Amino acid sequence: MGLTSLADIMNIINSTHGDPHQVLGLHRVELARQAGKREKGCDIRNIKTESALVMRAFIPYARRVFLLDPGDPDFERELDRVHADGFFEARIDGRAEWFMYELRVEYDSGNTWTFYDPYEFMPVLTDFDLFLFGQSTHYELYEKLGSHFITHQGVEGAHFAVWAPNARRVSVIGSFNGWDGRRHQMRLIKNSGIWEIFIPGLCENDGYKFEIKTFNGGILQKSDPYANFMELRPSTSSLLVDLNKFTWSDGAWIERRADAGAKSPLDLPMNIYEVHPGSWARKGDEQRFLSYTELSDELIPYVVDMGYTHIELAGICEHPYDGSWGYQVTGYFAPTSRYGNPREFMHFVDKCHENGIGVILDWVPAHFPKDAHGLARFDGTALYEHENPLQGEHPEWGTLIFNYGRKEVKNFLIASALLWFEKFHVDGLRVDAVASMLYLNYGKTPGSWIPNIYGSNQNIEAVEFIKHLNSIILGRMPGALMIAEESTSWAGVSRPPESGGLGFNMKWNMGWMNDFLKYVKTDPLFRKGLHTNLTFAMMYAYSENFVLVLSHDEVVHMKGSLIGKMPGDLWQKFANLRVALGFMYGHPGKKLLFMGGEIGQFDEWSEARSIEWFLLEYEHHKALQLYVRELNNFYKADEPLWYKDFQPGGFEWIQCNDAASSIVSFYRIGVWPDITVFVCNFTPVTREDYRAGVPIECDYREVLNSDEKRFFGSGVVNLEPIRAQAVPWDGRPFSIQMRLPPLGVAVFKPVQRAISQHQ
């Protein structure tokens, strides 16, 4: 009678055993022993059992297999081949207790390999891990699922774990086992749906995937959903990496960000430079991306020099298709390998913090692509998505929608968000396509979607997921930013969940962006008919914590570049853009400008080529860059421009009804009497004696003028301080008379000495 049942042997060979660890490895088992005597021509036998150590190994293509004891160099026991496909076993006599062992395997090629057997190790995941995962509250799940270098039972190796509850079998395949799904079959842990295995002796950059045998007999090869590193596309393997080998030096930055006594990010200046790293600047005649290291050396100094406070990075989460710009993600836990490895990305973030720059990532929990190696039908079933395509697909984008009602899916997404903060030290996430999450009928025609249980179009499960996500991120990460790209009028996007909001702390102001761009694209002759496009945003400015955005979405798909939208001749185009940016920086709300806008790039943005830096050889482009730099630095230094961004007491119109002249004026308010006065002229007509009401009787000094000649303007400026007169104007008791430039903005500050003299 054999030591192992034929059924167990065949399940291992055919890789259909749910728990191969129960068969393979060294086990104390009860073996049957026959004893008896012959009486009157009949066999009388008694079946007895005895306890023994039995070693089993399944190693295809092995010629001989030996069991070794690292603690006893004299011990060696050869295993017997009991199946031609490579199943070996032996009874280990003379040993009473289980011991840590190694296997030495000899192949026909003459190669010999000695290693610790993955099937001698106990599970790594605990019952508590499994419980938290099932409740969608395992917030350190990124430390448990996927692949991680650990020391387990005194042995160094890599632990692999993956959620595939409907799989018949899951194996780790990789460069270390010839991509053979029979070699490292994983154990299914209880009823969790999680499969795991610990494999000793693996190295960084070893490639791997999960091979999944489905219940309908199919074989899938999937990238690790929790991987921290992926091969460069078009290859799709996951790669082993140890994130803990990076040493951070941004402790002071993180401490300041988390300081409960410090100002909230809402109360600080924020002007964001939105960057697609793969097209900010390329090397080698446009054939090569900048690496994370090169971006550290080139992008960060540029951002610092230009006076921005934050970088927002598009396309950092791993994605297979360049043309998606990173908004169709397959690696929710991995910085893209297009620019280097994860520790090099850590270096980039660390250098940003060293230089006083915050880092915001675009993050996409709304949908994912159908690529065969990704999340789609991960274990042969609709695991991360809905089974019903009326619920599970975005027909407009050709992508799949996450099943936000599934606890394990919610945990996957929350753990992804936390990873970027806690392991990669980013300062914020700009959550993409929130509107598509909130509405079941987003981008769908009648009859192609399923209402919720109340018959409406709100995605109740997505709403609860978003609230859960934001409460955890902002609760665990004081000072963090969660910014919604939400394009509808959903109420309370940036309000706390306890008061009925979604819990983001900021929201992109898409309404302002659409109205504003429509206005500035219009010929000045006809702008008076669109005057409310300039002023309407103040009707709802304090309903949310808004970021004013001129983003990548506005300079693609035949929309034209930012400078290309401006009407008029070359001079007028640049003057229009300068006054537009001046108005934007004075308006309540944080600021975002997409790369290329600051130099007046004429061509639409393309992910396939660099920003047109050669344009800086021309005076008007260089002057625009100078203007944006000075505007950024003035914005950061002038407290009224951000002191009360989200409170009504931080802004007052001076004149918002002069549609005939296309002029608006207002002032921002800091700690009184610190105010900043903006007067914006959206026509090409110079106003030599323009009068504007002011609240304080004092001298006013012009501190910024977009029409300065160094900005490629016409030079209509106010060189001397202007004394406020007791001439009531615009509903104010005092007024100043100025030279107002054509297509320009003039910005004034009260002279503090003059204020004290008049008080």
# chains A, B, ... in the order shown; residues from 1 in each chain; ligands from 1
>>> residues_around(residues="Asp689 in chain A", least_positions_apart="3", cutoff="10 Å", atoms="only C-alpha atoms", output="PyMOL selection string")
chain A and resi 686+692+736-740
>>> residues_around(residues="Pro118 in chain A", least_positions_apart="6", cutoff="12 Å", atoms="only C-alpha atoms", output="VMD selection string")
chain A and resid 20 to 21 24 to 26 56 to 59 100 to 103 152 to 153 155 to 160 172 183 to 187 196 to 202
>>> write_last_selection(atoms="C-alpha atoms", output="PDB file, in the first residue's frame")
ATOM      1  CA  PRO A  20      -1.658  21.353  -1.559  1.00  0.00           C
ATOM      2  CA  HIS A  21       0.096  22.086   1.731  1.00  0.00           C
ATOM      3  CA  LEU A  24       3.106  18.198  -0.018  1.00  0.00           C
ATOM      4  CA  GLY A  25       5.877  18.766   2.464  1.00  0.00           C
ATOM      5  CA  LEU A  26       6.855  16.899   5.613  1.00  0.00           C
ATOM      6  CA  ARG A  56       6.189  14.390  -0.386  1.00  0.00           C
ATOM      7  CA  ALA A  57       7.324  16.677  -3.188  1.00  0.00           C
ATOM      8  CA  PHE A  58       6.020  17.413  -6.651  1.00  0.00           C
ATOM      9  CA  ILE A  59       8.842  18.636  -8.881  1.00  0.00           C
ATOM     10  CA  MET A 100      12.852  22.462   9.098  1.00  0.00           C
ATOM     11  CA  TYR A 101      14.335  20.912   6.004  1.00  0.00           C
ATOM     12  CA  GLU A 102      15.736  21.596   2.567  1.00  0.00           C
ATOM     13  CA  LEU A 103      15.366  19.732  -0.701  1.00  0.00           C
ATOM     14  CA  HIS A 152       9.026  33.562   7.926  1.00  0.00           C
ATOM     15  CA  GLN A 153       9.960  30.797  10.350  1.00  0.00           C
ATOM     16  CA  VAL A 155      13.761  31.953   6.429  1.00  0.00           C
ATOM     17  CA  GLU A 156      13.882  34.871   3.983  1.00  0.00           C
ATOM     18  CA  GLY A 157      11.567  34.780   1.018  1.00  0.00           C
ATOM     19  CA  ALA A 158       8.516  36.245  -0.658  1.00  0.00           C
ATOM     20  CA  HIS A 159       4.950  35.835   0.520  1.00  0.00           C
ATOM     21  CA  PHE A 160       2.218  35.840  -2.114  1.00  0.00           C
ATOM     22  CA  VAL A 172       2.340  31.571  -8.576  1.00  0.00           C
ATOM     23  CA  ARG A 183       5.184  24.125  -9.282  1.00  0.00           C
ATOM     24  CA  HIS A 184       3.919  26.602  -6.700  1.00  0.00           C
ATOM     25  CA  GLN A 185       0.297  25.762  -6.108  1.00  0.00           C
ATOM     26  CA  MET A 186      -1.203  27.981  -3.409  1.00  0.00           C
ATOM     27  CA  ARG A 187      -3.382  27.079  -0.436  1.00  0.00           C
ATOM     28  CA  GLU A 196      -1.367  32.214  -0.329  1.00  0.00           C
ATOM     29  CA  ILE A 197       2.100  30.706  -0.429  1.00  0.00           C
ATOM     30  CA  PHE A 198       5.532  31.587   0.959  1.00  0.00           C
ATOM     31  CA  ILE A 199       8.406  30.942  -1.467  1.00  0.00           C
ATOM     32  CA  PRO A 200      11.937  31.158  -0.024  1.00  0.00           C
ATOM     33  CA  GLY A 201      14.942  32.500  -1.818  1.00  0.00           C
ATOM     34  CA  LEU A 202      13.380  34.850  -4.361  1.00  0.00           C
TER      35      LEU A 202
END
>>> residues_around(residues="Tyr404 in chain A", least_positions_apart="3", cutoff="10 Å", atoms="only C-alpha atoms", output="ChimeraX atom specification")
/A:365-366,384-386,401,407-411,413,437,459-466
>>> closest_residue(among="A:Ser109, A:Gly428, A:Leu6, A:Pro369", to="Phe402 in chain A", atoms="only C-alpha atoms")
A:Pro369
>>> select_by_dssp(residues="range 551-629 of chain A", states="alpha helix (DSSP H)", output="PyMOL selection string")
chain A and resi 562-565+570-586+619-629
>>> residues_around(residues="Lys521 in chain A", least_positions_apart="2", cutoff="6 Å", atoms="only C-alpha atoms", output="list in words")
Leu517, Lys518, Tyr519, Lys565 and Met566 of chain A
>>> residues_around(residues="Trp163 in chain A", least_positions_apart="4", cutoff="10 Å", atoms="only C-alpha atoms", output="mmCIF file with N, CA and C atoms, in the first residue's frame")
data_model
loop_
_atom_site.group_PDB
_atom_site.id
_atom_site.type_symbol
_atom_site.label_atom_id
_atom_site.label_comp_id
_atom_site.auth_asym_id
_atom_site.auth_seq_id
_atom_site.Cartn_x
_atom_site.Cartn_y
_atom_site.Cartn_z
ATOM 1 N N LEU A 145 -1.815 41.407 1.073
ATOM 2 C CA LEU A 145 -2.049 40.780 -0.224
ATOM 3 C C LEU A 145 -1.002 41.265 -1.216
ATOM 4 N N GLY A 146 -0.866 40.520 -2.295
ATOM 5 C CA GLY A 146 0.193 40.814 -3.253
ATOM 6 C C GLY A 146 1.440 40.029 -2.921
ATOM 7 N N ALA A 167 -11.969 30.535 -7.859
ATOM 8 C CA ALA A 167 -10.988 29.753 -8.608
ATOM 9 C C ALA A 167 -10.982 28.308 -8.126
ATOM 10 N N VAL A 170 -5.095 28.161 -7.737
ATOM 11 C CA VAL A 170 -4.276 29.330 -8.039
ATOM 12 C C VAL A 170 -2.825 28.963 -7.774
ATOM 13 N N LEU A 188 -5.734 27.571 -0.313
ATOM 14 C CA LEU A 188 -6.919 28.396 -0.087
ATOM 15 C C LEU A 188 -7.167 28.457 1.408
ATOM 16 N N SER A 192 -12.143 32.355 3.076
ATOM 17 C CA SER A 192 -11.871 33.761 2.789
ATOM 18 C C SER A 192 -11.809 34.074 1.308
ATOM 19 N N GLY A 193 -11.581 33.065 0.496
ATOM 20 C CA GLY A 193 -11.333 33.312 -0.917
ATOM 21 C C GLY A 193 -9.914 33.741 -1.221
ATOM 22 N N ILE A 194 -9.057 33.771 -0.196
ATOM 23 C CA ILE A 194 -7.664 34.197 -0.370
ATOM 24 C C ILE A 194 -6.769 32.968 -0.482
ATOM 25 N N TRP A 195 -5.902 32.987 -1.470
ATOM 26 C CA TRP A 195 -4.903 31.953 -1.679
ATOM 27 C C TRP A 195 -3.545 32.536 -1.321
ATOM 28 N N GLU A 196 -2.677 31.694 -0.702
ATOM 29 C CA GLU A 196 -1.367 32.214 -0.329
ATOM 30 C C GLU A 196 -0.295 31.137 -0.411
ATOM 31 N N ASP A 224 -0.596 40.610 -10.685
ATOM 32 C CA ASP A 224 -0.968 40.739 -9.280
ATOM 33 C C ASP A 224 -1.703 42.064 -9.071
ATOM 34 N N PRO A 225 -2.979 42.031 -8.633
ATOM 35 C CA PRO A 225 -3.701 43.295 -8.423
ATOM 36 C C PRO A 225 -3.049 44.194 -7.386
ATOM 37 N N TYR A 226 -2.294 43.613 -6.457
ATOM 38 C CA TYR A 226 -1.676 44.380 -5.375
ATOM 39 C C TYR A 226 -0.180 44.607 -5.594
ATOM 40 N N PHE A 378 -11.517 38.297 -12.992
ATOM 41 C CA PHE A 378 -10.201 37.942 -12.478
ATOM 42 C C PHE A 378 -10.067 36.452 -12.197
ATOM 43 N N ASP A 379 -11.055 35.846 -11.593
ATOM 44 C CA ASP A 379 -10.974 34.406 -11.322
ATOM 45 C C ASP A 379 -11.937 33.617 -12.198
ATOM 46 N N LEU A 383 -15.568 39.476 -10.589
ATOM 47 C CA LEU A 383 -15.123 39.571 -9.204
ATOM 48 C C LEU A 383 -15.075 41.021 -8.738
ATOM 49 N N GLU A 408 -14.960 43.271 -0.280
ATOM 50 C CA GLU A 408 -13.561 43.045 -0.645
ATOM 51 C C GLU A 408 -13.087 44.048 -1.703
ATOM 52 N N PHE A 412 -10.114 46.757 -1.320
ATOM 53 C CA PHE A 412 -9.067 46.888 -2.340
ATOM 54 C C PHE A 412 -8.816 48.350 -2.667
#
>>> closest_residue(among="A:Ile483, A:Asp515, A:Ser235, A:Thr381", to="Leu502 in chain A", atoms="only C-alpha atoms")
A:Ile483
>>> atom_distance(atom1="CA of Ile311 in chain A", atom2="CA of Met270 in chain A")
10.1 Å
>>> closest_residue(among="A:Tyr308, A:Phe87, A:Tyr208, A:Trp280", to="Val23 in chain A", atoms="only C-alpha atoms")
A:Phe87
>>> atom_distance(atom1="CA of Lys351 in chain A", atom2="CA of Phe246 in chain A")
13.0 Å
>>> select_by_dssp(residues="range 390-627 of chain A", states="strand (DSSP E or B)", output="list in words")
Glu393, His394, Thr399, Leu400, Ile401, Phe402, Gly428, Leu429, Arg430, Val431, Tyr439, Gln458, Leu481, Met482, Ile483, Ala484, Met506, Lys507, Trp508, Phe546, Val547, Leu548, Val549, Leu550, Lys590, Lys591, Leu592, Leu593 and Phe594 of chain A
>>> residues_around(residues="Gly586 in chain A", least_positions_apart="5", cutoff="9 Å", atoms="only C-alpha atoms", output="number ranges by chain")
A: 581, 635, 641, 666-668, 676-678
>>> write_last_selection(atoms="C-alpha atoms", output="PDB file, in the first residue's frame")
ATOM      1  CA  LEU A 581      -4.970  84.195 -15.577  1.00  0.00           C
ATOM      2  CA  TYR A 635      -0.301  84.820  -5.109  1.00  0.00           C
ATOM      3  CA  LEU A 641      -5.647  85.860  -2.032  1.00  0.00           C
ATOM      4  CA  PHE A 666     -13.215  93.269  -6.744  1.00  0.00           C
ATOM      5  CA  TYR A 667     -11.019  92.999  -3.723  1.00  0.00           C
ATOM      6  CA  ARG A 668      -9.813  90.106  -1.638  1.00  0.00           C
ATOM      7  CA  THR A 676      -5.905  93.415  -2.581  1.00  0.00           C
ATOM      8  CA  VAL A 677      -7.806  95.210  -5.350  1.00  0.00           C
ATOM      9  CA  PHE A 678      -8.211  93.692  -8.838  1.00  0.00           C
TER      10      PHE A 678
END
>>> residues_around(residues="Asn632 in chain A", least_positions_apart="4", cutoff="9 Å", atoms="only C-alpha atoms", output="list in words")
Asn271, Met306, Gly307, Tyr308, Thr309, Tyr585, Tyr627, Val628, Lys636 and Ala637 of chain A
>>> atom_distance(atom1="CA of Ile599 in chain A", atom2="CA of Val304 in chain A")
15.8 Å
>>> closest_residue(among="A:Asn166, A:Ser5, A:Ser471, A:Thr236", to="Arg377 in chain A", atoms="only C-alpha atoms")
A:Asn166
>>> closest_residue(among="A:Ser296, A:Thr522, A:Ser706, A:Asn205", to="Glu231 in chain A", atoms="only C-alpha atoms")
A:Asn205
>>> closest_residue(among="A:Asn341, A:Ser291, A:Phe734, A:Val664", to="Thr532 in chain A", atoms="only C-alpha atoms")
A:Val664
